[in-house]
Structure formats: structure tokens, C-alpha cells
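Below is the file work.cif, which contains mmCIF, C-alpha atoms.
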```
data_target
#
loop_
_atom_site.group_PDB
_atom_site.id
_atom_site.type_symbol
_atom_site.label_atom_id
_atom_site.label_comp_id
_atom_site.auth_asym_id
_atom_site.auth_seq_id
_atom_site.Cartn_x
_atom_site.Cartn_y
_atom_site.Cartn_z
ATOM 1 C CA MET Y 134 59.295 105.591 110.572
ATOM 2 C CA PRO Y 135 62.562 105.655 108.572
ATOM 3 C CA ALA Y 136 62.772 103.641 105.402
ATOM 4 C CA SER Y 137 64.437 100.271 105.845
ATOM 5 C CA PRO Y 138 67.749 99.792 104.073
ATOM 6 C CA SER Y 139 67.604 98.377 100.589
ATOM 7 C CA PRO Y 140 69.145 94.941 100.038
ATOM 8 C CA VAL Y 141 70.326 96.266 96.679
ATOM 9 C CA ALA Y 142 72.464 98.882 98.447
ATOM 10 C CA GLY Y 143 73.981 96.109 100.561
ATOM 11 C CA VAL Y 144 74.795 94.091 97.452
ATOM 12 C CA GLY Y 145 76.458 97.148 95.914
ATOM 13 C CA GLU Y 146 78.594 97.607 99.005
ATOM 14 C CA VAL Y 147 79.586 93.931 98.954
ATOM 15 C CA ILE Y 148 80.570 94.243 95.288
ATOM 16 C CA ALA Y 149 82.565 97.406 96.038
ATOM 17 C CA ALA Y 150 84.301 95.618 98.925
ATOM 18 C CA GLY Y 151 85.158 92.720 96.620
ATOM 19 C CA LEU Y 152 86.560 95.132 94.055
ATOM 20 C CA ASP Y 153 88.720 96.745 96.755
ATOM 21 C CA VAL Y 154 90.187 93.332 97.583
ATOM 22 C CA VAL Y 155 90.767 92.566 93.892
ATOM 23 C CA SER Y 156 92.439 95.950 93.432
ATOM 24 C CA GLY Y 157 94.664 95.342 96.455
ATOM 25 C CA VAL Y 158 95.643 91.860 95.271
ATOM 26 C CA THR Y 159 96.345 93.126 91.743
ATOM 27 C CA SER Y 160 98.557 95.940 93.056
ATOM 28 C CA TYR Y 161 100.317 93.486 95.367
ATOM 29 C CA LEU Y 162 101.054 91.033 92.535
ATOM 30 C CA ALA Y 163 102.244 93.812 90.221
ATOM 31 C CA ALA Y 164 104.560 95.122 92.949
ATOM 32 C CA GLN Y 165 105.956 91.640 93.604
ATOM 33 C CA GLU Y 166 106.686 91.200 89.886
ATOM 34 C CA SER Y 167 108.309 94.622 89.664
ATOM 35 C CA ALA Y 168 110.427 93.921 92.761
ATOM 36 C CA SER Y 169 111.527 90.619 91.244
ATOM 37 C CA VAL Y 170 112.652 92.429 88.083
ATOM 38 C CA GLN Y 171 114.525 94.990 90.194
ATOM 39 C CA GLN Y 172 116.291 92.214 92.130
ATOM 40 C CA GLY Y 173 117.274 90.608 88.840
ATOM 41 C CA ARG Y 174 118.600 93.947 87.638
ATOM 42 C CA ALA Y 175 120.660 94.251 90.831
ATOM 43 C CA GLY Y 176 122.236 90.858 90.144
ATOM 44 C CA MET Y 177 123.002 91.897 86.578
ATOM 45 C CA MET Y 178 124.674 95.087 87.843
ATOM 46 C CA ILE Y 179 127.030 93.043 90.022
ATOM 47 C CA ALA Y 180 127.817 90.660 87.155
ATOM 48 C CA GLU Y 181 128.406 93.581 84.778
ATOM 49 C CA ALA Y 182 130.720 95.327 87.257
ATOM 50 C CA ASN Y 183 132.708 92.122 87.740
ATOM 51 C CA ALA Y 184 132.983 91.644 83.976
ATOM 52 C CA ASN Y 185 134.134 95.263 83.549
ATOM 53 C CA ALA Y 186 136.708 94.780 86.306
ATOM 54 C CA GLN Y 187 138.009 91.612 84.638
ATOM 55 C CA ARG Y 188 138.273 93.356 81.260
ATOM 56 C CA TYR Y 189 140.128 96.245 82.868
ATOM 57 C CA ALA Y 190 142.476 93.847 84.688
ATOM 58 C CA LEU Y 191 143.236 92.048 81.436
ATOM 59 C CA GLN Y 192 143.932 95.332 79.636
ATOM 60 C CA ALA Y 193 146.176 96.474 82.484
ATOM 61 C CA GLN Y 194 148.112 93.194 82.413
ATOM 62 C CA GLN Y 195 148.533 93.433 78.643
ATOM 63 C CA TYR Y 196 149.741 97.016 78.919
ATOM 64 C CA GLN Y 197 152.224 96.104 81.667
ATOM 65 C CA ALA Y 198 153.498 93.164 79.606
ATOM 66 C CA GLU Y 199 153.960 95.443 76.584
ATOM 67 C CA GLN Y 200 155.802 97.975 78.754
ATOM 68 C CA SER Y 201 158.069 95.238 80.103
ATOM 69 C CA VAL Y 202 158.873 94.039 76.567
ATOM 70 C CA MET Y 203 159.572 97.614 75.412
ATOM 71 C CA TYR Y 204 161.915 98.182 78.360
ATOM 72 C CA LEU Y 205 163.756 94.933 77.677
ATOM 73 C CA ALA Y 206 163.892 95.569 73.924
ATOM 74 C CA SER Y 207 165.505 98.937 74.509
ATOM 75 C CA GLY Y 208 168.102 97.368 76.779
ATOM 76 C CA VAL Y 209 166.696 98.712 80.055
ATOM 77 C CA LYS Y 210 166.811 96.238 82.936
ATOM 78 C CA LEU Y 211 163.590 95.674 84.881
ATOM 79 C CA SER Y 212 165.013 96.906 88.163
ATOM 80 C CA GLY Y 213 165.044 100.276 89.865
ATOM 81 C CA SER Y 214 162.969 102.997 88.197
ATOM 82 C CA PRO Y 215 161.367 100.890 85.397
ATOM 83 C CA LEU Y 216 160.256 98.299 87.954
ATOM 84 C CA ASP Y 217 158.926 101.068 90.209
ATOM 85 C CA VAL Y 218 156.915 102.462 87.277
ATOM 86 C CA LEU Y 219 155.430 99.038 86.517
ATOM 87 C CA ASP Y 220 154.631 98.511 90.210
ATOM 88 C CA THR Y 221 152.888 101.874 90.423
ATOM 89 C CA GLU Y 222 150.862 101.068 87.299
ATOM 90 C CA ARG Y 223 149.898 97.698 88.806
ATOM 91 C CA GLN Y 224 148.744 99.383 92.033
ATOM 92 C CA LEU Y 225 146.739 101.994 90.131
ATOM 93 C CA ALA Y 226 145.136 99.274 88.038
ATOM 94 C CA GLN Y 227 144.108 97.400 91.195
ATOM 95 C CA GLN Y 228 142.632 100.578 92.686
ATOM 96 C CA ASN Y 229 140.604 101.106 89.506
ATOM 97 C CA ILE Y 230 139.426 97.490 89.546
ATOM 98 C CA ASP Y 231 138.338 97.863 93.170
ATOM 99 C CA ALA Y 232 136.510 101.102 92.323
ATOM 100 C CA ILE Y 233 134.660 99.440 89.423
ATOM 101 C CA GLN Y 234 133.515 96.632 91.710
ATOM 102 C CA ARG Y 235 132.486 99.019 94.526
ATOM 103 C CA ARG Y 236 130.468 101.137 92.112
ATOM 104 C CA GLY Y 237 128.683 98.040 90.812
ATOM 105 C CA ALA Y 238 127.951 96.881 94.355
ATOM 106 C CA MET Y 239 126.563 100.308 95.295
ATOM 107 C CA GLU Y 240 124.320 100.433 92.223
ATOM 108 C CA ALA Y 241 123.093 96.902 92.951
ATOM 109 C CA SER Y 242 122.415 97.861 96.566
ATOM 110 C CA ASP Y 243 120.368 100.869 95.427
ATOM 111 C CA GLU Y 244 118.357 98.631 93.104
ATOM 112 C CA SER Y 245 117.796 96.112 95.913
ATOM 113 C CA MET Y 246 116.510 98.908 98.160
ATOM 114 C CA LEU Y 247 114.117 99.982 95.403
ATOM 115 C CA ALA Y 248 112.920 96.383 95.178
ATOM 116 C CA ALA Y 249 112.292 96.266 98.928
ATOM 117 C CA ASP Y 250 110.399 99.571 98.742
ATOM 118 C CA THR Y 251 108.311 98.273 95.844
ATOM 119 C CA LYS Y 252 107.458 95.123 97.820
ATOM 120 C CA MET Y 253 106.400 97.220 100.825
ATOM 121 C CA LYS Y 254 104.145 99.336 98.604
ATOM 122 C CA GLY Y 255 102.557 96.157 97.271
ATOM 123 C CA ASP Y 256 102.028 94.875 100.806
ATOM 124 C CA ALA Y 257 100.444 98.199 101.763
ATOM 125 C CA ALA Y 258 98.131 98.096 98.724
ATOM 126 C CA LEU Y 259 97.009 94.587 99.646
ATOM 127 C CA MET Y 260 96.364 95.564 103.268
ATOM 128 C CA GLY Y 261 94.557 98.719 102.129
ATOM 129 C CA GLY Y 262 92.264 96.705 99.873
ATOM 130 C CA ILE Y 263 91.493 94.220 102.628
ATOM 131 C CA THR Y 264 90.863 96.832 105.322
ATOM 132 C CA SER Y 265 88.703 98.862 102.938
ATOM 133 C CA ALA Y 266 86.667 95.747 102.183
ATOM 134 C CA ILE Y 267 86.298 94.999 105.904
ATOM 135 C CA GLY Y 268 85.150 98.573 106.516
ATOM 136 C CA MET Y 269 82.613 98.372 103.706
ATOM 137 C CA GLY Y 270 81.429 95.023 104.999
ATOM 138 C CA ALA Y 271 80.871 96.507 108.447
ATOM 139 C CA MET Y 272 78.981 99.465 106.944
ATOM 140 C CA SER Y 273 76.898 97.133 104.819
ATOM 141 C CA ALA Y 274 76.030 94.974 107.817
ATOM 142 C CA GLY Y 275 75.051 98.088 109.763
ATOM 143 C CA ASN Y 276 72.863 99.344 106.933
ATOM 144 C CA LEU Y 277 71.074 96.017 106.595
ATOM 145 C CA THR Y 278 70.242 95.774 110.315
ATOM 146 C CA GLY Y 279 69.076 99.398 110.516
ATOM 147 C CA PRO Y 280 69.690 101.999 113.193
ATOM 148 C CA SER Y 281 69.658 100.771 116.755
ATOM 149 C CA THR Y 282 67.534 102.350 119.471
ATOM 150 C CA PRO Y 283 67.561 101.850 123.228
ATOM 151 C CA THR Y 284 65.365 98.948 124.397
ATOM 152 C CA GLY Y 285 61.814 99.871 125.237
ATOM 153 C CA MET Y 286 61.745 103.038 123.152
ATOM 154 C CA SER Y 287 60.266 103.545 119.767
ATOM 155 C CA ASN Y 288 62.327 105.247 117.116
ATOM 156 C CA SER Y 289 60.497 108.506 117.660
ATOM 157 C CA GLU Y 290 61.132 108.408 121.434
ATOM 158 C CA GLY Y 291 64.836 107.634 120.943
ATOM 159 C CA MET Y 292 65.428 110.638 118.741
ATOM 160 C CA ASN Y 293 65.471 114.173 120.002
ATOM 161 C CA SER Y 294 62.837 115.964 118.032
ATOM 162 C CA THR Y 295 61.683 119.444 118.605
ATOM 163 C CA GLY Y 296 58.131 120.597 118.411
#
```

Mind turning the file's structure into C-alpha cells?
Amino acid sequence: MPASPSPVAGVGEVIAAGLDVVSGVTSYLAAQESASVQQGRAGMMIAEANANAQRYALQAQQYQAEQSVMYLASGVKLSGSPLDVLDTERQLAQQNIDAIQRRGAMEASDESMLAADTKMKGDAALMGGITSAIGMGAMSAGNLTGPSTPTGMSNSEGMNSTG
């Protein structure tokens, strides 16, 4: 007759299942915290890009004002070619400002995608810990009840033995 399963082995499996759940929860919480930091970083990237764009706009305005004063001081009227030059500089400045903001938005979007990926990994770790614990629990329950045999047969009749 086979030896009956040890209750100590069942307790060990229950402890291991509990540790799997704890590991899954810990990984999940760490991932959520990391994702939160990444989302915060994404917000900072947008704010930084906007601040850079504002600084650039201010510098461009100051430069254009200085150019206007220099033209006027030298007796050149702000019409025709000088005005065209200032207009072109204003358009280029706006294109640069738009590019600064787009770059910041793209970097923030990348960081947000990393945050979403991190959250999904945390979710997967939690589910992995839970399903591992469920699997161990099922194995432990099976070990404690022992092998099953068809009704009306002894263990030795239910097994194919030779000789």
C-alpha cells in the first residue's frame, strides 16, 4: 500500500502558495509605483517643453525688437525688405516653438506608454502569483486526499502490475 501523504508536505505547499501570492502582490505594487513615477515624468516633460518654448518665444521677440530698433536707428523704414526679413524670422521662430512643443509631447507620450507597459507587467505578476497559488493549492489538496482508484477495486487491482 502506498504511503499516505504527509500533512507537513501539504503545509509546505500552502506556505509556498502564500509566498507566490505575496510575491505577485509585491511585484504589482512596485510596478504601480514605478508607473506612477513614469506618468509624473511624462507630465514634467510636457511642462519643460512648454517652458522651453516660452523662453524661445521671448528670446525671439527680444531679437526681433532689437532688429526693429537697429533698422529704425539706421534710418531704414520698416517696410519692404526689412519687414519681410522680420516676418520670416517671426515665422521661423514659430516653427521652432512648435517643434519644441511637439518633441516634448512625443517624449511624454513615450513615457506614458512605458508607464502603461509597467502597469501591465505588474498586473501580470499579480495574476501569475495568484494562479500559481491556486495551482499549488489544487496539488496540495490532491496530495492530502491521496490517489483515487475506481470504486470496488483495491489499489493493487487498479494498477497495472506485471508479474

Evaluate the PyMOL selection byres ((chain Y and resi 247) around 12) here and jot the selected residues down as a ChimeraX atom specification. /Y:164-165,167-175,240-246,248-254

Contacts of Gln187 in chain Y within 12 Å, only C-alpha atoms, excl. fewer than 2 positions in-chain, as a list in words: Ala180, Glu181, Ala182, Asn183, Ala184, Asn185, Tyr189, Ala190, Leu191, Gln192, Ala193, Gln194, Ala226, Gln227, Asn229, Ile230, Asp231, Ile233 and Gln234 of chain Y

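The shell of residues at most 9 Å from range 213-222 of chain Y, with only C-alpha atoms counted and near chain neighbours (fewer than 6 positions) removed, consists of Ala193, Gln197, Gln200, Ser201 and Tyr204 of chain Y.
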
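Here CA of Met269 in chain Y is placed at a distance of 7.7 Å from CA of Ala149 in chain Y.
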
I'd like the neighbourhood of Gly151 in chain Y as a PyMOL selection string, where a residue qualifies if any of its atoms comes within 10 Å (using all atoms listed in the file), though same-chain residues fewer than 2 positions away should be ignored. chain Y and resi 145-149+153-157+262-263+265-267+269-270

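In terms of minimum interatomic distance to Ala258 in chain Y, Y:Tyr161 ranks closest within Y:Glu166, Y:Met178, Y:Gln224, Y:Tyr161, counting all atoms listed in the file.
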
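The space separating CA of Ala271 in chain Y from CA of Ala150 in chain Y comes to 10.2 Å.
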